Amino acid sequence: MCAAPVATNVTIIGEPTPGGTVRGSYFYEHSQAESGSTYHWYINSKKYLTTNDSLDFSITAAMAGAKIRFAVVPMSASGESGVETCSLEIDVFNGYQNITEEENRNSFMSQTGQYSFYAPDPKDRVFVASAAAFSLTDGTTQSVHVKGLKAFGGEPPEEIKTYLKNNPATRMFSTERDFAALVPVLGSTKRLLLWGENMNNIPPELDLNNVKSVYANRTAIAFIYDSPPQESNKIGAIGDAANGGLVPATVQQALFFDPPRAIYATENAFAVLTSKGRVHTWGSATGGGVIGDAETTLKNINVEKIVATASAFCAIGPYGNGDPEIKHPVVWGDAVGGGVLPPEQLEQIFDLDGVVQVVANRNAFCAITKKRGKAISWGGADYGGTMSEAALNLASRGNILLCRGSAWAFCMVNSAGESESWGQAGYGGGTLEDGTAEENDAGKVLDQSGQKQRIQTLFNEMKVESWYERNRALPLHQCICEPDSMLGSNPSEITLPDGGTINFYANDASFFMVAKEPDGSTKELFSWGQPTGGGTIPTDVWQVLRASLITAVYCTNGAYGVISTQGSVTGAVNAFGGGTANEDAGEIPEELADYLRHDVRGLYSMKFMPPAYPTSSRLASAFAARRADGSYAIWGGGTNVVDELFVPSS
């Protein structure tokens, strides 16, 4: 009699964060081939889902705070069944290493330890990219695969490459040209492995063991140690020393009796927030690495949140002896990057009881005030820091519900659906198909797009203003079970009581808005900006998406990728924006089209940092679609990326 089949190395691949998709993984052992194995997912020790056709598991908002476990009952082709074998139980958590979803969403650069811009990104971290290379954790082999240009970390040293094989507990992080792998060593001890352009000279005295949390800017990695001794450093950093790769002794000393909670990043500096709400910085002075004149004010604030442009930080919190419900912004960094808040705007914010949200683009901030919901911006004057007359008029009337930043512009929408944009629309210097010059003033682009009246009509049909007025009348502190349905809770999304939603996205050169019916079907689509940057939706794509249930939207520098359910088919991908001629991913290659018509679980991107000011040069960027079978369809990126179906297990 043959022994029963056995499942070994049962584990969960990916980070269990709401909005992400993790994957059950195991090795099958038996003399006969596997067929018909059963998979169970448990939540808080109770069986939640049983399936035999997919190893993927979607984490929903309702699961936050719960514990999940994956289990498999292996079965051979002859029908022999083995014993159910379980993974370790893991916690579902919101945010990223004490950085909230709001802080990440409202910052220009990703605050999640991976090199990216324009949230959202898939939250499972199965695929982590630099600007022109990627790492992914394969559920079949339980190995980390790295591929791409050598100058961007795509070719790790052979010793590290070997170490990453069959090591599913590895967590990956990235800068523009580097990667970091947090790997288990002994027991619960974890060590950082590093490679890339900025990681060639690791000081022998730098302790890379016992690391708990990892963060990244453009050229450096910072990290927090796990329960270090009292007399030891609490944080560390590696990379370009001038841009945050070396933590000053003064910062280390300040953390001895006030331990770090989280580390935030601009392009070339870091800011550590402590348990007592204090902030310490290092890195480039013009990137926020020196607090300077704001230090006295910052010390009087109990900092609760931090949002960042590419070159400035904005700390938000109440005064220590003031009303805890009134949140004040304190900024520092490059003046033309949002690091100076002019007295006139500061006085307006004080008079309007502080801020409820602060949103960043590359060079500027836009705050939404608590009282009256006014919008107030500052930073690079031509790139979102100074509003146009039309934008000022709308902002002063208040009730701003949506606010989104592209690279060099903002767009806002009030409760009545009135919208305005200001700043620079995109790269500039381009020409349209008819040979005319491409408009680059963001306000004029929106005016000429024909979308303003359509957005206003949508808000009227969805009764957004009546919902707004009802909610505004609610008593302060009234409990609302869905946080994102509260006024001012998410300037990129409106969730109405009937389940209808309006989502707002942006990339370097355009804005994209999606409205959904309560049943999830598409109600309306809006796009404006530079046509080769996602500002125009092709008619065929528009028709298909209008007939679909959109489940996720992602972007590159100049394109959008949309995952939807189309009829009975789930995980279908449509893309629009800059295509092959623009070294972008807005056109799906014919040889990959079949792989993108169904069963795509997530879209990951490889992007470059937009320059400080618009130029006519385009940035090469790419998409990678993770499929249910564990393969990846990768396209875009010009000569940086090979259009291919990448199968890690092969």
# chains A, B, ... in the order shown; residues from 1 in each chain; ligands from 1
call {"tool": "select_by_dssp", "arguments": {"residues": "range 72-272 of chain A", "states": "helix (DSSP H, G or I)", "output": "PyMOL selection string"}}
result
chain A and resi 101-106+150-152+158-163+241-243+249-254
call {"tool": "write_last_selection", "arguments": {"atoms": "N, CA and C atoms", "output": "compact mmCIF listing (two decimals), in the first residue's frame"}}
result
# COMPACT_ATOMS: atom_id res chain seq x y z
N GLU A 101 -2.42 54.08 5.69
CA GLU A 101 -2.79 54.14 4.27
C GLU A 101 -2.97 55.59 3.83
N GLU A 102 -3.52 56.43 4.70
CA GLU A 102 -3.71 57.84 4.37
C GLU A 102 -2.38 58.54 4.11
N GLU A 103 -1.39 58.31 4.96
CA GLU A 103 -0.09 58.96 4.78
C GLU A 103 0.57 58.52 3.48
N ASN A 104 0.47 57.24 3.17
CA ASN A 104 1.06 56.74 1.92
C ASN A 104 0.31 57.28 0.71
N ARG A 105 -1.00 57.24 0.75
CA ARG A 105 -1.82 57.69 -0.38
C ARG A 105 -1.62 59.17 -0.66
N ASN A 106 -1.50 60.00 0.39
CA ASN A 106 -1.42 61.45 0.20
C ASN A 106 -0.01 61.94 -0.09
N LYS A 150 21.21 45.64 -14.88
CA LYS A 150 22.19 45.53 -13.80
C LYS A 150 22.33 46.84 -13.05
N ALA A 151 22.30 47.97 -13.76
CA ALA A 151 22.46 49.28 -13.13
C ALA A 151 21.30 49.63 -12.21
N PHE A 152 20.24 48.84 -12.25
CA PHE A 152 19.07 49.09 -11.40
C PHE A 152 18.80 47.91 -10.47
N GLU A 158 25.93 36.37 -7.12
CA GLU A 158 25.55 34.96 -7.14
C GLU A 158 25.27 34.41 -5.74
N GLU A 159 26.05 34.84 -4.74
CA GLU A 159 25.84 34.35 -3.38
C GLU A 159 24.46 34.75 -2.86
N ILE A 160 24.06 35.97 -3.14
CA ILE A 160 22.73 36.43 -2.69
C ILE A 160 21.64 35.73 -3.49
N LYS A 161 21.87 35.57 -4.79
CA LYS A 161 20.88 34.88 -5.63
C LYS A 161 20.61 33.48 -5.10
N THR A 162 21.67 32.78 -4.70
CA THR A 162 21.51 31.43 -4.14
C THR A 162 20.74 31.46 -2.83
N TYR A 163 21.04 32.44 -1.98
CA TYR A 163 20.38 32.55 -0.69
C TYR A 163 18.88 32.76 -0.83
N ALA A 241 25.21 58.49 1.42
CA ALA A 241 25.27 59.13 2.74
C ALA A 241 24.67 60.52 2.74
N ALA A 242 24.88 61.29 1.65
CA ALA A 242 24.37 62.66 1.60
C ALA A 242 22.86 62.71 1.50
N ASN A 243 22.25 61.61 1.08
CA ASN A 243 20.80 61.58 0.86
C ASN A 243 20.07 60.66 1.84
N ALA A 249 24.79 60.80 14.65
CA ALA A 249 24.81 60.39 16.06
C ALA A 249 23.77 61.15 16.88
N THR A 250 23.52 62.42 16.52
CA THR A 250 22.53 63.20 17.28
C THR A 250 21.14 62.61 17.17
N VAL A 251 20.80 62.06 16.01
CA VAL A 251 19.50 61.41 15.85
C VAL A 251 19.45 60.12 16.65
N GLN A 252 20.51 59.35 16.59
CA GLN A 252 20.56 58.10 17.36
C GLN A 252 20.38 58.37 18.86
N GLN A 253 21.08 59.39 19.36
CA GLN A 253 20.99 59.72 20.78
C GLN A 253 19.59 60.15 21.17
N ALA A 254 18.92 60.88 20.30
CA ALA A 254 17.57 61.35 20.61
C ALA A 254 16.57 60.20 20.72
call {"tool": "residues_around", "arguments": {"residues": "Glu15 in chain A", "least_positions_apart": "2", "cutoff": "8 Å", "atoms": "only C-alpha atoms", "output": "ChimeraX atom specification"}}
result
/A:13,17,20,22,123-126
call {"tool": "write_last_selection", "arguments": {"atoms": "C-alpha atoms", "output": "PDB file, in the first residue's frame"}}
result
ATOM      1  CA  ILE A  13       3.302  34.305   0.163  1.00  0.00           C
ATOM      2  CA  THR A  17      -2.954  43.800   3.975  1.00  0.00           C
ATOM      3  CA  GLY A  20      -3.869  42.771  -1.415  1.00  0.00           C
ATOM      4  CA  VAL A  22      -1.818  36.625  -0.870  1.00  0.00           C
ATOM      5  CA  LYS A 123      -0.410  45.809  -1.295  1.00  0.00           C
ATOM      6  CA  ASP A 124       0.725  42.194  -1.199  1.00  0.00           C
ATOM      7  CA  ARG A 125       4.399  43.025  -2.033  1.00  0.00           C
ATOM      8  CA  VAL A 126       4.778  39.790  -3.998  1.00  0.00           C
TER       9      VAL A 126
END
call {"tool": "residues_around", "arguments": {"residues": "range 364-374 of chain A", "least_positions_apart": "5", "cutoff": "6 Å", "atoms": "only C-alpha atoms", "output": "list of chain:residue names"}}
result
A:Gly337, A:Gly338, A:Leu352, A:Asp353, A:Gly354, A:Val355, A:Val356, A:Gln357, A:Val358, A:Val359, A:Gly379, A:Gly380, A:Gly384, A:Gly385, A:Ala395, A:Ser396, A:Gly398, A:Asn399, A:Ile400
call {"tool": "atom_distance", "arguments": {"atom1": "CA of Gly567 in chain A", "atom2": "CA of Ala119 in chain A"}}
result
27.8 Å
call {"tool": "closest_residue", "arguments": {"among": "A:Tyr613, A:Ser521, A:Tyr427, A:Ser649", "to": "Gly533 in chain A", "atoms": "only C-alpha atoms"}}
result
A:Tyr427
call {"tool": "atom_distance", "arguments": {"atom1": "CA of Val553 in chain A", "atom2": "CA of Ser510 in chain A"}}
result
13.9 Å
call {"tool": "select_by_dssp", "arguments": {"residues": "range 398-535 of chain A", "states": "strand (DSSP E or B)", "output": "count of residues only"}}
result
45
call {"tool": "residues_around", "arguments": {"residues": "Pro342 in chain A", "least_positions_apart": "2", "cutoff": "12 Å", "atoms": "only C-alpha atoms", "output": "list of chain:residue names"}}
result
A:Pro329, A:Val330, A:Val331, A:Trp332, A:Ala335, A:Val336, A:Gly338, A:Gly339, A:Val340, A:Glu344, A:Gln345, A:Leu346, A:Glu347, A:Gln348, A:Ile349, A:Phe365, A:Ile376, A:Ser377, A:Trp378, A:Gly379, A:Gly380, A:Ala381, A:Gly385, A:Thr386
call {"tool": "write_last_selection", "arguments": {"atoms": "N, CA and C atoms", "output": "tab-separated table (two decimals), in the first residue's frame"}}
result
chain	number	residue	atom	x	y	z
A	329	PRO	N	-0.56	71.92	10.36
A	329	PRO	CA	0.58	71.46	9.54
A	329	PRO	C	1.85	72.23	9.86
A	330	VAL	N	2.97	71.53	9.88
A	330	VAL	CA	4.28	72.15	10.02
A	330	VAL	C	5.16	71.59	8.90
A	331	VAL	N	5.78	72.47	8.10
A	331	VAL	CA	6.51	72.00	6.92
A	331	VAL	C	7.97	72.41	6.98
A	332	TRP	N	8.81	71.65	6.30
A	332	TRP	CA	10.22	71.98	6.14
A	332	TRP	C	10.75	71.26	4.91
A	335	ALA	N	11.98	75.06	-0.39
A	335	ALA	CA	10.91	76.05	-0.46
A	335	ALA	C	10.07	75.87	-1.72
A	336	VAL	N	10.71	75.51	-2.85
A	336	VAL	CA	9.95	75.34	-4.09
A	336	VAL	C	9.42	73.90	-4.21
A	338	GLY	N	7.49	72.80	-1.44
A	338	GLY	CA	6.47	72.77	-0.40
A	338	GLY	C	7.02	72.94	0.99
A	339	GLY	N	8.33	73.21	1.14
A	339	GLY	CA	8.95	73.26	2.45
A	339	GLY	C	8.76	74.55	3.21
A	340	VAL	N	8.07	75.53	2.65
A	340	VAL	CA	7.76	76.79	3.34
A	340	VAL	C	6.27	77.07	3.17
A	344	GLU	N	0.31	83.98	4.95
A	344	GLU	CA	-1.09	84.19	4.58
A	344	GLU	C	-1.86	82.87	4.56
A	345	GLN	N	-1.26	81.83	3.95
A	345	GLN	CA	-1.93	80.53	3.93
A	345	GLN	C	-1.99	79.91	5.32
A	346	LEU	N	-0.92	80.10	6.11
A	346	LEU	CA	-0.91	79.57	7.47
A	346	LEU	C	-2.01	80.20	8.31
A	347	GLU	N	-2.20	81.50	8.16
A	347	GLU	CA	-3.26	82.18	8.92
A	347	GLU	C	-4.64	81.67	8.52
A	348	GLN	N	-4.83	81.44	7.22
A	348	GLN	CA	-6.12	80.89	6.78
A	348	GLN	C	-6.39	79.53	7.42
A	349	ILE	N	-5.36	78.70	7.47
A	349	ILE	CA	-5.51	77.36	8.06
A	349	ILE	C	-5.86	77.46	9.53
A	365	PHE	N	2.09	71.11	-1.84
A	365	PHE	CA	1.05	70.53	-0.99
A	365	PHE	C	-0.27	71.25	-1.24
A	376	ILE	N	-6.23	74.89	0.25
A	376	ILE	CA	-5.15	75.88	0.34
A	376	ILE	C	-3.87	75.20	-0.12
A	377	SER	N	-3.18	75.79	-1.10
A	377	SER	CA	-1.97	75.15	-1.64
A	377	SER	C	-0.75	76.04	-1.46
A	378	TRP	N	0.42	75.40	-1.46
A	378	TRP	CA	1.70	76.12	-1.39
A	378	TRP	C	2.80	75.21	-1.94
A	379	GLY	N	3.93	75.84	-2.29
A	379	GLY	CA	5.05	75.09	-2.86
A	379	GLY	C	5.49	75.72	-4.17
A	380	GLY	N	6.01	74.90	-5.10
A	380	GLY	CA	6.44	75.40	-6.40
A	380	GLY	C	5.30	76.12	-7.09
A	381	ALA	N	5.46	77.42	-7.32
A	381	ALA	CA	4.35	78.27	-7.76
A	381	ALA	C	3.69	77.78	-9.04
A	385	GLY	N	1.71	74.94	-6.48
A	385	GLY	CA	1.81	75.72	-5.25
A	385	GLY	C	0.96	76.97	-5.25
A	386	THR	N	0.70	77.54	-6.41
A	386	THR	CA	-0.12	78.75	-6.51
A	386	THR	C	-1.33	78.47	-7.39
call {"tool": "closest_residue", "arguments": {"among": "A:Asp334, A:Asp629, A:Glu34, A:Asp643", "to": "Asp584 in chain A", "atoms": "only C-alpha atoms"}}
result
A:Asp643
